[in-house]
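> Let me give you the structure first, and then I'll get to my questions.
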Amino acid sequence: MKATGIVRRIDDLGRVVIPKEIRRTMRIREGDPLEIFTEKDGEVVFKKYSPVGELSPFAVQYADVLARACNMTVLVCDRDHVIAAAGANRKEFYEQRVSSQLDEVMEGRQTYVAQAAGQRVQPVEAVNRYAAVAAPILAAGDITGAVCLIQPETGSLPGEGDVRLAQVAAAFLGKQMEE
């Protein structure tokens with residue numbers, strides 16, 4: 001565990017403020033769920049909770065089927081990381097941090113579709129590939145992640161069927177989290 005040198009006191013209601021620098025670095029936003037647990041040595045740990053992460057084994061299977069159907073690399077992301085990847089080059093994407101561009105797409109709550117001329121979205125910080133489609137996953141009205149289809153290296157644009165497949169996948173995963 002990394003020491004920050006920041007000390008906070010618990011107030012009379014049992015609350016503690018997580019410093020802004022840590023919230024910014026860890027992308028913790030107002031309303032984000034945090035899992036709280038203890039370690040054997042007495043540490044109390046706050047960890048970002050990922051509802052999409054709970055579906056990880058299922059999301060891997062869904063991404064695999066979707067990748068075969070649309071013949072593109074498919075990513076299923078929570079708000080911070082890629083939790084499932086399938087198709088060509090899947091290993092370079094898995095567990096990578098999502099980019100601020102993808103974060104903006106999720107915040108906008110609208111499906112991004114690549115156009116011949118226009119802004120491109122790089123969904124993952126460490127990989128220089130672009131999204132053909134990025135559909136936000138919404139569960140009970142909250143943004144929980146996204147389903148991304150990665151644009152093939154040929155640069156071909158997604159068809160209407162590809163867009164619908166990504167939207168249906170995102171809606172289905174969101175519904176699974178609600179149950």
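Going through the structure tokens in order, the chains are called A, B, and so on, while each chain numbers its residues from 1 and the ligands are numbered from 1 in the order shown.
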If we count only C-alpha atoms, what is near region 59-63 of chain A at a cut-off of 10 Å, once residues fewer than 3 positions away on the same chain are taken out, given as a list in words?
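Returned residues: Val52, Gly53, Glu54, Leu55, Ser56, Leu66, Ala67, Arg68, Ala69, Thr73, Val74, Leu75, Val76, Cys77, Ile83, Ala84, Ala85, Ala86, Gly87, Val147, Cys148, Leu149, Ala166, Ala169, Phe172 and Leu173 of chain A.
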> Would you output that residue set with C-alpha atoms, as a CSV table (one decimal), in the first residue's frame?

chain,number,residue,atom,x,y,z
A,52,VAL,CA,-19.5,-4.5,-13.9
A,53,GLY,CA,-16.5,-6.3,-12.4
A,54,GLU,CA,-19.0,-8.6,-10.6
A,55,LEU,CA,-20.1,-9.8,-14.0
A,56,SER,CA,-16.5,-10.4,-15.3
A,66,LEU,CA,-20.0,-10.5,-29.8
A,67,ALA,CA,-16.4,-10.4,-31.2
A,68,ARG,CA,-17.3,-13.4,-33.4
A,69,ALA,CA,-20.5,-11.9,-34.5
A,73,THR,CA,-12.1,-6.8,-31.0
A,74,VAL,CA,-14.7,-6.2,-28.2
A,75,LEU,CA,-14.0,-4.6,-24.8
A,76,VAL,CA,-16.3,-4.5,-21.8
A,77,CYS,CA,-15.1,-1.8,-19.4
A,83,ILE,CA,-12.7,-6.1,-17.4
A,84,ALA,CA,-13.2,-8.3,-20.5
A,85,ALA,CA,-11.7,-8.4,-24.0
A,86,ALA,CA,-12.2,-10.7,-26.9
A,87,GLY,CA,-11.1,-11.0,-30.5
A,147,VAL,CA,-19.0,-1.9,-24.5
A,148,CYS,CA,-16.5,-0.9,-27.1
A,149,LEU,CA,-16.0,-2.4,-30.6
A,166,ALA,CA,-23.0,-2.9,-29.1
A,169,ALA,CA,-24.8,-5.8,-25.3
A,172,PHE,CA,-28.2,-6.4,-21.5
A,173,LEU,CA,-25.2,-6.1,-19.2
> Could you tell me, as an MDAnalysis selection string, which residues of region 39-77 of chain A DSSP assigns to helix (DSSP H, G or I) when given the backbone?
chainID A and resid 53:70
> Got time to write the residues from that selection, all heavy atoms, as a short mmCIF file (atom, residue, chain, number, x, y, z; two decimals), in the first residue's frame?

data_model
loop_
_atom_site.label_atom_id
_atom_site.label_comp_id
_atom_site.auth_asym_id
_atom_site.auth_seq_id
_atom_site.Cartn_x
_atom_site.Cartn_y
_atom_site.Cartn_z
N GLY A 53 -17.53 -5.34 -12.72
CA GLY A 53 -16.53 -6.33 -12.36
C GLY A 53 -17.14 -7.60 -11.79
O GLY A 53 -16.60 -8.69 -11.94
N GLU A 54 -18.28 -7.46 -11.12
CA GLU A 54 -18.98 -8.63 -10.57
C GLU A 54 -19.44 -9.56 -11.70
O GLU A 54 -19.60 -10.76 -11.49
CB GLU A 54 -20.20 -8.19 -9.76
CG GLU A 54 -19.87 -7.37 -8.54
CD GLU A 54 -19.24 -8.20 -7.43
OE1 GLU A 54 -19.68 -9.35 -7.23
OE2 GLU A 54 -18.31 -7.69 -6.80
N LEU A 55 -19.64 -9.02 -12.88
CA LEU A 55 -20.09 -9.81 -14.03
C LEU A 55 -18.94 -10.28 -14.90
O LEU A 55 -19.15 -10.79 -16.00
CB LEU A 55 -21.04 -8.98 -14.91
CG LEU A 55 -22.37 -8.57 -14.32
CD1 LEU A 55 -23.12 -7.69 -15.31
CD2 LEU A 55 -23.20 -9.79 -13.98
N SER A 56 -17.71 -10.13 -14.44
CA SER A 56 -16.53 -10.38 -15.25
C SER A 56 -16.54 -11.72 -15.99
O SER A 56 -16.33 -11.74 -17.20
CB SER A 56 -15.27 -10.23 -14.41
OG SER A 56 -14.13 -10.37 -15.22
N PRO A 57 -16.77 -12.85 -15.32
CA PRO A 57 -16.77 -14.12 -16.07
C PRO A 57 -17.83 -14.15 -17.16
O PRO A 57 -17.60 -14.63 -18.27
CB PRO A 57 -17.06 -15.18 -15.00
CG PRO A 57 -16.73 -14.53 -13.70
CD PRO A 57 -16.98 -13.07 -13.89
N PHE A 58 -19.00 -13.63 -16.84
CA PHE A 58 -20.09 -13.57 -17.81
C PHE A 58 -19.75 -12.60 -18.95
O PHE A 58 -19.99 -12.88 -20.11
CB PHE A 58 -21.37 -13.15 -17.09
CG PHE A 58 -22.55 -13.03 -17.99
CD1 PHE A 58 -23.17 -14.14 -18.50
CD2 PHE A 58 -23.05 -11.78 -18.33
CE1 PHE A 58 -24.27 -14.04 -19.34
CE2 PHE A 58 -24.14 -11.66 -19.17
CZ PHE A 58 -24.76 -12.80 -19.67
N ALA A 59 -19.15 -11.46 -18.61
CA ALA A 59 -18.79 -10.44 -19.60
C ALA A 59 -17.76 -10.98 -20.59
O ALA A 59 -17.80 -10.64 -21.77
CB ALA A 59 -18.27 -9.19 -18.91
N VAL A 60 -16.83 -11.82 -20.13
CA VAL A 60 -15.83 -12.42 -21.01
C VAL A 60 -16.52 -13.28 -22.06
O VAL A 60 -16.21 -13.19 -23.26
CB VAL A 60 -14.80 -13.25 -20.21
CG1 VAL A 60 -13.93 -14.09 -21.12
CG2 VAL A 60 -13.96 -12.35 -19.33
N GLN A 61 -17.47 -14.09 -21.65
CA GLN A 61 -18.20 -14.94 -22.60
C GLN A 61 -19.02 -14.10 -23.57
O GLN A 61 -19.04 -14.37 -24.77
CB GLN A 61 -19.12 -15.90 -21.84
CG GLN A 61 -18.36 -16.94 -21.04
CD GLN A 61 -19.30 -17.80 -20.21
OE1 GLN A 61 -20.46 -17.46 -20.00
NE2 GLN A 61 -18.79 -18.92 -19.73
N TYR A 62 -19.68 -13.07 -23.05
CA TYR A 62 -20.50 -12.22 -23.90
C TYR A 62 -19.62 -11.50 -24.93
O TYR A 62 -19.96 -11.44 -26.11
CB TYR A 62 -21.26 -11.20 -23.06
CG TYR A 62 -22.47 -10.62 -23.75
CD1 TYR A 62 -23.75 -11.05 -23.43
CD2 TYR A 62 -22.34 -9.67 -24.76
CE1 TYR A 62 -24.86 -10.54 -24.08
CE2 TYR A 62 -23.44 -9.16 -25.41
CZ TYR A 62 -24.69 -9.59 -25.07
OH TYR A 62 -25.78 -9.09 -25.72
N ALA A 63 -18.47 -10.99 -24.48
CA ALA A 63 -17.54 -10.30 -25.39
C ALA A 63 -17.04 -11.24 -26.47
O ALA A 63 -16.91 -10.84 -27.64
CB ALA A 63 -16.38 -9.71 -24.60
N ASP A 64 -16.78 -12.49 -26.12
CA ASP A 64 -16.30 -13.47 -27.09
C ASP A 64 -17.34 -13.72 -28.18
O ASP A 64 -17.01 -13.72 -29.37
CB ASP A 64 -15.94 -14.78 -26.37
CG ASP A 64 -15.27 -15.76 -27.30
OD1 ASP A 64 -14.30 -15.37 -27.99
OD2 ASP A 64 -15.72 -16.93 -27.35
N VAL A 65 -18.58 -13.90 -27.78
CA VAL A 65 -19.65 -14.12 -28.76
C VAL A 65 -19.83 -12.89 -29.63
O VAL A 65 -19.98 -12.99 -30.85
CB VAL A 65 -20.97 -14.50 -28.04
CG1 VAL A 65 -22.14 -14.51 -29.00
CG2 VAL A 65 -20.82 -15.84 -27.35
N LEU A 66 -19.79 -11.72 -29.03
CA LEU A 66 -19.96 -10.48 -29.77
C LEU A 66 -18.81 -10.26 -30.76
O LEU A 66 -19.03 -9.83 -31.89
CB LEU A 66 -20.06 -9.29 -28.79
CG LEU A 66 -20.41 -7.93 -29.35
CD1 LEU A 66 -21.71 -7.97 -30.13
CD2 LEU A 66 -20.50 -6.92 -28.22
N ALA A 67 -17.59 -10.58 -30.34
CA ALA A 67 -16.42 -10.42 -31.23
C ALA A 67 -16.55 -11.31 -32.46
O ALA A 67 -16.20 -10.89 -33.58
CB ALA A 67 -15.14 -10.75 -30.46
N ARG A 68 -17.06 -12.50 -32.28
CA ARG A 68 -17.26 -13.42 -33.42
C ARG A 68 -18.36 -12.90 -34.34
O ARG A 68 -18.26 -13.02 -35.56
CB ARG A 68 -17.62 -14.81 -32.93
CG ARG A 68 -16.46 -15.51 -32.27
CD ARG A 68 -16.84 -16.90 -31.86
NE ARG A 68 -15.98 -17.35 -30.79
CZ ARG A 68 -16.12 -18.50 -30.18
NH1 ARG A 68 -17.09 -19.31 -30.52
NH2 ARG A 68 -15.30 -18.84 -29.22
N ALA A 69 -19.41 -12.34 -33.75
CA ALA A 69 -20.55 -11.87 -34.55
C ALA A 69 -20.19 -10.66 -35.41
O ALA A 69 -20.65 -10.55 -36.54
CB ALA A 69 -21.72 -11.53 -33.64
N CYS A 70 -19.37 -9.75 -34.87
CA CYS A 70 -19.08 -8.53 -35.62
C CYS A 70 -17.66 -8.51 -36.20
O CYS A 70 -17.29 -7.56 -36.88
CB CYS A 70 -19.33 -7.29 -34.76
SG CYS A 70 -18.28 -7.17 -33.33
#
> Do a neighbour search on Pro158 (chain A) at 10 Å with only C-alpha atoms, toss out local chain neighbours closer than 6 positions, and write the hits as a ChimeraX atom specification.
/A:70,72,113-115,131-133,149-152
> Identify, on the basis of only C-alpha atoms, every residue whose closest approach to Ile137 (chain A) does not exceed 8 Å; exclude the query and any residue fewer than 6 positions from it along the same chain; express the result as a list of chain:residue names.
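With the cut-off at 8 Å, the set is A:Met106, A:Ile143, A:Thr144, A:Gly145, A:Ala146, A:Val147, A:Ala170, A:Ala171, A:Leu173, A:Gly174.
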> With only C-alpha atoms as the basis for distance, which of A:Gly118, A:Gly159, A:Arg129, A:Ala134 is at the shortest distance from Leu102 (chain A)?
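So, comparing all the options, the nearest one is A:Ala134.
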> Apply DSSP to the structure's backbone, then extract all residues of region 25-125 of chain A labelled strand (DSSP E) and return them as an MDAnalysis selection string.
chainID A and resid 34:38 44:48 73:77 82:86 112:113
> Okay, now the selection with N, CA, C and O atoms, as a compact mmCIF listing (two decimals), in the first residue's frame?

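File written: part.txt
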# COMPACT_ATOMS: atom_id res chain seq x y z
N LEU A 34 -17.85 2.65 -2.80
CA LEU A 34 -16.56 2.18 -2.30
C LEU A 34 -16.80 0.95 -1.45
O LEU A 34 -17.70 0.92 -0.62
N GLU A 35 -15.97 -0.05 -1.65
CA GLU A 35 -16.02 -1.25 -0.82
C GLU A 35 -15.05 -1.03 0.34
O GLU A 35 -13.92 -0.57 0.14
N ILE A 36 -15.49 -1.32 1.55
CA ILE A 36 -14.65 -1.13 2.72
C ILE A 36 -14.42 -2.49 3.36
O ILE A 36 -15.36 -3.23 3.63
N PHE A 37 -13.14 -2.82 3.55
CA PHE A 37 -12.82 -4.08 4.20
C PHE A 37 -11.57 -3.90 5.05
O PHE A 37 -10.89 -2.88 4.96
N THR A 38 -11.29 -4.90 5.88
CA THR A 38 -10.11 -4.83 6.75
C THR A 38 -9.13 -5.93 6.37
O THR A 38 -9.51 -6.99 5.87
N VAL A 44 -7.62 -0.68 7.38
CA VAL A 44 -8.94 -0.49 6.81
C VAL A 44 -8.71 -0.01 5.39
O VAL A 44 -8.00 0.97 5.16
N VAL A 45 -9.30 -0.70 4.42
CA VAL A 45 -9.04 -0.43 3.01
C VAL A 45 -10.33 0.04 2.34
O VAL A 45 -11.38 -0.59 2.50
N PHE A 46 -10.23 1.13 1.59
CA PHE A 46 -11.32 1.62 0.76
C PHE A 46 -10.95 1.26 -0.67
O PHE A 46 -9.88 1.63 -1.15
N LYS A 47 -11.83 0.55 -1.36
CA LYS A 47 -11.56 0.14 -2.73
C LYS A 47 -12.75 0.51 -3.59
O LYS A 47 -13.90 0.30 -3.18
N LYS A 48 -12.48 1.04 -4.78
CA LYS A 48 -13.59 1.34 -5.68
C LYS A 48 -14.31 0.05 -6.00
O LYS A 48 -13.70 -0.96 -6.30
N THR A 73 -12.50 -6.63 -32.37
CA THR A 73 -12.12 -6.79 -30.97
C THR A 73 -13.19 -6.09 -30.14
O THR A 73 -13.61 -4.98 -30.46
N VAL A 74 -13.60 -6.75 -29.06
CA VAL A 74 -14.66 -6.21 -28.19
C VAL A 74 -14.09 -6.03 -26.79
O VAL A 74 -13.41 -6.91 -26.26
N LEU A 75 -14.39 -4.87 -26.19
CA LEU A 75 -14.00 -4.58 -24.82
C LEU A 75 -15.25 -4.34 -23.98
O LEU A 75 -16.17 -3.68 -24.44
N VAL A 76 -15.25 -4.86 -22.77
CA VAL A 76 -16.26 -4.51 -21.78
C VAL A 76 -15.49 -3.83 -20.67
O VAL A 76 -14.55 -4.39 -20.12
N CYS A 77 -15.88 -2.59 -20.36
CA CYS A 77 -15.14 -1.78 -19.39
C CYS A 77 -16.06 -1.38 -18.24
O CYS A 77 -17.26 -1.21 -18.44
N VAL A 82 -10.59 -2.06 -18.36
CA VAL A 82 -11.16 -3.08 -19.23
C VAL A 82 -11.28 -4.35 -18.38
O VAL A 82 -10.29 -4.82 -17.83
N ILE A 83 -12.48 -4.87 -18.25
CA ILE A 83 -12.68 -6.08 -17.44
C ILE A 83 -12.83 -7.33 -18.29
O ILE A 83 -12.71 -8.44 -17.79
N ALA A 84 -13.11 -7.16 -19.60
CA ALA A 84 -13.21 -8.30 -20.51
C ALA A 84 -12.81 -7.83 -21.90
O ALA A 84 -13.14 -6.71 -22.31
N ALA A 85 -12.09 -8.68 -22.59
CA ALA A 85 -11.67 -8.37 -23.96
C ALA A 85 -11.72 -9.66 -24.78
O ALA A 85 -11.37 -10.73 -24.28
N ALA A 86 -12.14 -9.55 -26.03
CA ALA A 86 -12.23 -10.72 -26.90
C ALA A 86 -11.91 -10.31 -28.32
O ALA A 86 -12.09 -9.14 -28.70
N TYR A 112 -21.25 6.31 -29.04
CA TYR A 112 -20.30 6.92 -29.98
C TYR A 112 -20.17 5.99 -31.18
O TYR A 112 -20.02 4.77 -31.02
N VAL A 113 -20.20 6.56 -32.38
CA VAL A 113 -19.99 5.79 -33.61
C VAL A 113 -18.95 6.53 -34.44
O VAL A 113 -19.10 7.72 -34.71
> How far is it from CA of Gln176 (chain A) to CA of Arg29 (chain A), in Å with one decimal?
23.2 Å
> Could you name the residues that touch Glu178 (chain A) at 10 Å or less, counting only C-alpha atoms, but leaving out those on the same chain fewer than 6 positions away, as a list in words?
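Counting only the stated atoms, we get Pro51, Leu138, Ala139, Ala140 and Gly141 of chain A.
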> Mind pulling up the distance from CA of Ala126 (chain A) to CA of Arg97 (chain A)?
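That distance, rounded to one decimal, is 7.6 Å.
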> Have a look at CA of Glu21 (chain A) and CA of Arg8 (chain A) and let me know their distance in Å, one decimal.
13.3 Å
> Using only C-alpha atoms for the distances, tell me which of A:Ala116, A:Arg79, A:Val124, A:Glu179 is nearest to Ser156 (chain A).
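Of A:Ala116, A:Arg79, A:Val124, A:Glu179, the one nearest Ser156 (chain A) is A:Ala116, counting only C-alpha atoms.
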> Excluding Asp80 (chain A) and residues on its chain fewer than 5 positions from it, collect all residues at most 9 Å away from it, counting only C-alpha atoms, and give them as a ChimeraX atom specification.
/A:26-27,50,96-99,103,145
> Using only C-alpha atoms, which residue out of A:Ile6, A:Glu95, A:Gly108, A:Thr154 lies closest to Tyr130 (chain A)?
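For Tyr130 (chain A), the nearest of the candidates is A:Thr154.
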